Amino acid sequence: MIKEYTKELPDGTKEYVVELPDTPNNTCALELFLKALTFVRENEEFSTAALQRYLKCSYGAVCKVLDALCNLSVITTHKDADSKGSIKYKRNVESNAIN
């Protein structure tokens, strides 16, 4: 479990602290993966944030889904020239081939 809290420093300022666990994250993202296939079918090009909003999940979960989609060659990454080099994802296969 991730612990998040603020800590007051001696000079009066506050520091935001996040403690990450030492154990691996073994949550299953299969259900999110299947929902993501529908999103990819409907969108030829998209960003991480767009998929995260669609799936309504954490950033870590959407990264797992994106990794799986890339590893299965459903999508590929490319740099978007309009948004200062941010990474976009592009559908690799025809939308009717994704079931």
# chains A, B, ... in the order shown; residues from 1 in each chain; ligands from 1
$ residues_around --residues "range 42-47 of chain A" --least-positions-apart "3" --cutoff "6 Å" --atoms "only C-alpha atoms" --output "ChimeraX atom specification"
/A:39,50,88-91
$ select_by_dssp --residues "chain A" --states "helix (DSSP H, G or I)" --output "PyMOL selection string"
chain A and resi 30-42+48-55+59-71+81-83+95-97
$ residues_around --residues "Leu32 in chain A" --least-positions-apart "3" --cutoff "7 Å" --atoms "only C-alpha atoms" --output "JSON, numbers by chain"
{"A": [29, 35, 36, 55, 65]}
$ write_last_selection --atoms "all heavy atoms" --output "compact mmCIF listing (two decimals), in the first residue's frame"
# COMPACT_ATOMS: atom_id res chain seq x y z
N ALA A 29 -4.60 -6.57 -14.58
CA ALA A 29 -5.11 -5.51 -15.44
C ALA A 29 -5.82 -6.10 -16.66
O ALA A 29 -6.03 -5.40 -17.65
CB ALA A 29 -3.97 -4.60 -15.88
N LYS A 35 -11.15 -3.66 -21.94
CA LYS A 35 -11.82 -2.38 -22.18
C LYS A 35 -10.98 -1.49 -23.10
O LYS A 35 -11.52 -0.76 -23.93
CB LYS A 35 -12.07 -1.65 -20.86
CG LYS A 35 -13.25 -2.17 -20.08
CD LYS A 35 -13.43 -1.44 -18.77
CE LYS A 35 -13.82 0.00 -18.96
NZ LYS A 35 -14.10 0.71 -17.69
N ALA A 36 -9.65 -1.57 -22.96
CA ALA A 36 -8.75 -0.75 -23.78
C ALA A 36 -8.85 -1.14 -25.24
O ALA A 36 -8.68 -0.29 -26.13
CB ALA A 36 -7.32 -0.89 -23.29
N LEU A 55 -10.45 4.54 -19.13
CA LEU A 55 -10.46 3.37 -18.26
C LEU A 55 -10.79 3.70 -16.80
O LEU A 55 -11.14 2.83 -16.02
CB LEU A 55 -9.10 2.67 -18.31
CG LEU A 55 -8.69 2.07 -19.64
CD1 LEU A 55 -7.29 1.50 -19.56
CD2 LEU A 55 -9.68 1.01 -20.10
N VAL A 65 -1.40 -1.72 -19.14
CA VAL A 65 -2.23 -1.97 -20.32
C VAL A 65 -1.51 -1.53 -21.58
O VAL A 65 -1.48 -2.25 -22.58
CB VAL A 65 -3.60 -1.25 -20.18
CG1 VAL A 65 -4.38 -1.30 -21.46
CG2 VAL A 65 -4.39 -1.86 -19.04
$ atom_distance --atom1 "CA of Lys7 in chain A" --atom2 "CA of Pro24 in chain A"
26.1 Å
$ closest_residue --among "A:Ile87, A:Asn92, A:Tyr5, A:Lys14" --to "Asn71 in chain A" --atoms "only C-alpha atoms"
A:Asn92
$ residues_around --residues "Ser58 in chain A" --least-positions-apart "4" --cutoff "12 Å" --atoms "only C-alpha atoms" --output "PyMOL selection string"
chain A and resi 27+29+32+48-49+51-54+62-65
$ write_last_selection --atoms "all heavy atoms" --output "mmCIF file, in the first residue's frame"
data_model
loop_
_atom_site.group_PDB
_atom_site.id
_atom_site.type_symbol
_atom_site.label_atom_id
_atom_site.label_comp_id
_atom_site.auth_asym_id
_atom_site.auth_seq_id
_atom_site.Cartn_x
_atom_site.Cartn_y
_atom_site.Cartn_z
ATOM 1 N N THR A 27 -1.456 -6.545 -9.146
ATOM 2 C CA THR A 27 -2.858 -6.390 -9.510
ATOM 3 C C THR A 27 -3.065 -6.791 -10.966
ATOM 4 O O THR A 27 -2.228 -6.529 -11.827
ATOM 5 C CB THR A 27 -3.342 -4.942 -9.320
ATOM 6 O OG1 THR A 27 -2.502 -4.084 -10.092
ATOM 7 C CG2 THR A 27 -3.295 -4.530 -7.868
ATOM 8 N N ALA A 29 -4.597 -6.569 -14.576
ATOM 9 C CA ALA A 29 -5.113 -5.513 -15.444
ATOM 10 C C ALA A 29 -5.821 -6.095 -16.664
ATOM 11 O O ALA A 29 -6.030 -5.400 -17.651
ATOM 12 C CB ALA A 29 -3.975 -4.602 -15.884
ATOM 13 N N LEU A 32 -9.096 -4.317 -17.577
ATOM 14 C CA LEU A 32 -8.781 -3.015 -18.173
ATOM 15 C C LEU A 32 -8.246 -3.191 -19.596
ATOM 16 O O LEU A 32 -8.547 -2.389 -20.485
ATOM 17 C CB LEU A 32 -7.765 -2.266 -17.318
ATOM 18 C CG LEU A 32 -8.233 -1.843 -15.928
ATOM 19 C CD1 LEU A 32 -7.077 -1.274 -15.137
ATOM 20 C CD2 LEU A 32 -9.367 -0.842 -16.036
ATOM 21 N N THR A 48 -1.636 8.752 -23.429
ATOM 22 C CA THR A 48 -1.777 7.983 -22.192
ATOM 23 C C THR A 48 -2.927 8.536 -21.359
ATOM 24 O O THR A 48 -3.744 7.783 -20.831
ATOM 25 C CB THR A 48 -0.471 8.050 -21.370
ATOM 26 O OG1 THR A 48 0.599 7.560 -22.174
ATOM 27 C CG2 THR A 48 -0.564 7.230 -20.091
ATOM 28 N N ALA A 49 -3.004 9.854 -21.266
ATOM 29 C CA ALA A 49 -4.040 10.490 -20.455
ATOM 30 C C ALA A 49 -5.437 10.188 -20.987
ATOM 31 O O ALA A 49 -6.369 9.964 -20.208
ATOM 32 C CB ALA A 49 -3.813 11.996 -20.405
ATOM 33 N N LEU A 51 -6.429 7.494 -22.620
ATOM 34 C CA LEU A 51 -6.769 6.114 -22.261
ATOM 35 C C LEU A 51 -7.036 6.001 -20.765
ATOM 36 O O LEU A 51 -7.964 5.302 -20.347
ATOM 37 C CB LEU A 51 -5.651 5.158 -22.685
ATOM 38 C CG LEU A 51 -5.901 3.681 -22.384
ATOM 39 C CD1 LEU A 51 -7.169 3.175 -23.076
ATOM 40 C CD2 LEU A 51 -4.701 2.842 -22.802
ATOM 41 N N GLN A 52 -6.266 6.712 -19.955
ATOM 42 C CA GLN A 52 -6.473 6.670 -18.512
ATOM 43 C C GLN A 52 -7.851 7.225 -18.142
ATOM 44 O O GLN A 52 -8.538 6.672 -17.289
ATOM 45 C CB GLN A 52 -5.377 7.449 -17.803
ATOM 46 C CG GLN A 52 -5.442 7.342 -16.294
ATOM 47 C CD GLN A 52 -4.302 8.058 -15.601
ATOM 48 O OE1 GLN A 52 -3.489 8.719 -16.231
ATOM 49 N NE2 GLN A 52 -4.237 7.938 -14.297
ATOM 50 N N ARG A 53 -8.253 8.309 -18.780
ATOM 51 C CA ARG A 53 -9.593 8.865 -18.524
ATOM 52 C C ARG A 53 -10.672 7.872 -18.932
ATOM 53 O O ARG A 53 -11.682 7.710 -18.244
ATOM 54 C CB ARG A 53 -9.775 10.184 -19.267
ATOM 55 C CG ARG A 53 -9.099 11.354 -18.622
ATOM 56 C CD ARG A 53 -9.524 12.674 -19.256
ATOM 57 N NE ARG A 53 -9.185 12.767 -20.658
ATOM 58 C CZ ARG A 53 -8.032 13.218 -21.134
ATOM 59 N NH1 ARG A 53 -7.099 13.629 -20.291
ATOM 60 N NH2 ARG A 53 -7.813 13.280 -22.424
ATOM 61 N N TYR A 54 -10.486 7.206 -20.059
ATOM 62 C CA TYR A 54 -11.471 6.236 -20.540
ATOM 63 C C TYR A 54 -11.589 5.046 -19.584
ATOM 64 O O TYR A 54 -12.689 4.606 -19.269
ATOM 65 C CB TYR A 54 -11.086 5.740 -21.939
ATOM 66 C CG TYR A 54 -12.021 4.719 -22.509
ATOM 67 C CD1 TYR A 54 -13.209 5.108 -23.123
ATOM 68 C CD2 TYR A 54 -11.735 3.360 -22.443
ATOM 69 C CE1 TYR A 54 -14.074 4.171 -23.647
ATOM 70 C CE2 TYR A 54 -12.592 2.414 -22.964
ATOM 71 C CZ TYR A 54 -13.765 2.827 -23.566
ATOM 72 O OH TYR A 54 -14.630 1.892 -24.082
ATOM 73 N N VAL A 62 -2.733 1.901 -16.199
ATOM 74 C CA VAL A 62 -2.775 2.223 -17.628
ATOM 75 C C VAL A 62 -1.423 1.932 -18.282
ATOM 76 O O VAL A 62 -1.372 1.520 -19.446
ATOM 77 C CB VAL A 62 -3.248 3.676 -17.879
ATOM 78 C CG1 VAL A 62 -2.151 4.681 -17.708
ATOM 79 C CG2 VAL A 62 -3.833 3.821 -19.270
ATOM 80 N N CYS A 63 -0.338 2.089 -17.538
ATOM 81 C CA CYS A 63 0.987 1.739 -18.087
ATOM 82 C C CYS A 63 1.085 0.246 -18.358
ATOM 83 O O CYS A 63 1.657 -0.169 -19.372
ATOM 84 C CB CYS A 63 2.094 2.186 -17.135
ATOM 85 S SG CYS A 63 2.346 3.961 -17.149
ATOM 86 N N LYS A 64 0.532 -0.581 -17.460
ATOM 87 C CA LYS A 64 0.515 -2.025 -17.692
ATOM 88 C C LYS A 64 -0.253 -2.361 -18.974
ATOM 89 O O LYS A 64 0.171 -3.184 -19.777
ATOM 90 C CB LYS A 64 -0.153 -2.756 -16.521
ATOM 91 C CG LYS A 64 0.685 -2.907 -15.308
ATOM 92 C CD LYS A 64 -0.098 -3.713 -14.276
ATOM 93 C CE LYS A 64 0.716 -4.009 -13.062
ATOM 94 N NZ LYS A 64 -0.031 -4.826 -12.084
ATOM 95 N N VAL A 65 -1.396 -1.719 -19.143
ATOM 96 C CA VAL A 65 -2.230 -1.966 -20.316
ATOM 97 C C VAL A 65 -1.505 -1.525 -21.583
ATOM 98 O O VAL A 65 -1.483 -2.253 -22.585
ATOM 99 C CB VAL A 65 -3.598 -1.250 -20.175
ATOM 100 C CG1 VAL A 65 -4.381 -1.304 -21.465
ATOM 101 C CG2 VAL A 65 -4.394 -1.863 -19.036
#
$ atom_distance --atom1 "CA of Cys28 in chain A" --atom2 "CA of Tyr59 in chain A"
14.0 Å
$ select_by_dssp --residues "chain A" --states "strand (DSSP E)" --output "PDB file with C-alpha atoms, in the first residue's frame"
ATOM      1  CA  LYS A   3       1.547   5.906   2.002  1.00  0.00           C
ATOM      2  CA  GLU A   4       1.074   9.589   1.249  1.00  0.00           C
ATOM      3  CA  TYR A   5       1.361  12.405   3.769  1.00  0.00           C
ATOM      4  CA  THR A   6       2.648  15.938   4.278  1.00  0.00           C
ATOM      5  CA  LYS A   7       5.433  16.753   6.675  1.00  0.00           C
ATOM      6  CA  GLU A   8       6.118  20.172   8.183  1.00  0.00           C
ATOM      7  CA  LYS A  14       5.506  21.626   4.012  1.00  0.00           C
ATOM      8  CA  GLU A  15       6.894  18.664   2.132  1.00  0.00           C
ATOM      9  CA  TYR A  16       4.765  16.078   0.355  1.00  0.00           C
ATOM     10  CA  VAL A  17       6.029  12.566   1.011  1.00  0.00           C
ATOM     11  CA  VAL A  18       5.131   9.349  -0.797  1.00  0.00           C
ATOM     12  CA  GLU A  19       6.418   6.016   0.421  1.00  0.00           C
ATOM     13  CA  GLU A  45      -4.336   7.835 -32.267  1.00  0.00           C
ATOM     14  CA  PHE A  46      -4.401   8.694 -28.558  1.00  0.00           C
ATOM     15  CA  ILE A  75      -0.400  -0.211 -30.970  1.00  0.00           C
ATOM     16  CA  THR A  76       2.904   1.548 -31.619  1.00  0.00           C
ATOM     17  CA  THR A  77       4.415   4.673 -30.118  1.00  0.00           C
ATOM     18  CA  HIS A  78       5.434   7.795 -31.985  1.00  0.00           C
ATOM     19  CA  LYS A  79       6.431  11.328 -31.060  1.00  0.00           C
ATOM     20  CA  ILE A  87       4.497  10.313 -26.881  1.00  0.00           C
ATOM     21  CA  LYS A  88       1.319   9.311 -28.677  1.00  0.00           C
ATOM     22  CA  TYR A  89       0.067   5.833 -29.450  1.00  0.00           C
ATOM     23  CA  LYS A  90      -1.197   4.759 -32.837  1.00  0.00           C
ATOM     24  CA  ARG A  91      -3.324   1.758 -33.728  1.00  0.00           C
TER      25      ARG A  91
END
$ atom_distance --atom1 "CA of Thr23 in chain A" --atom2 "CA of Lys56 in chain A"
23.9 Å
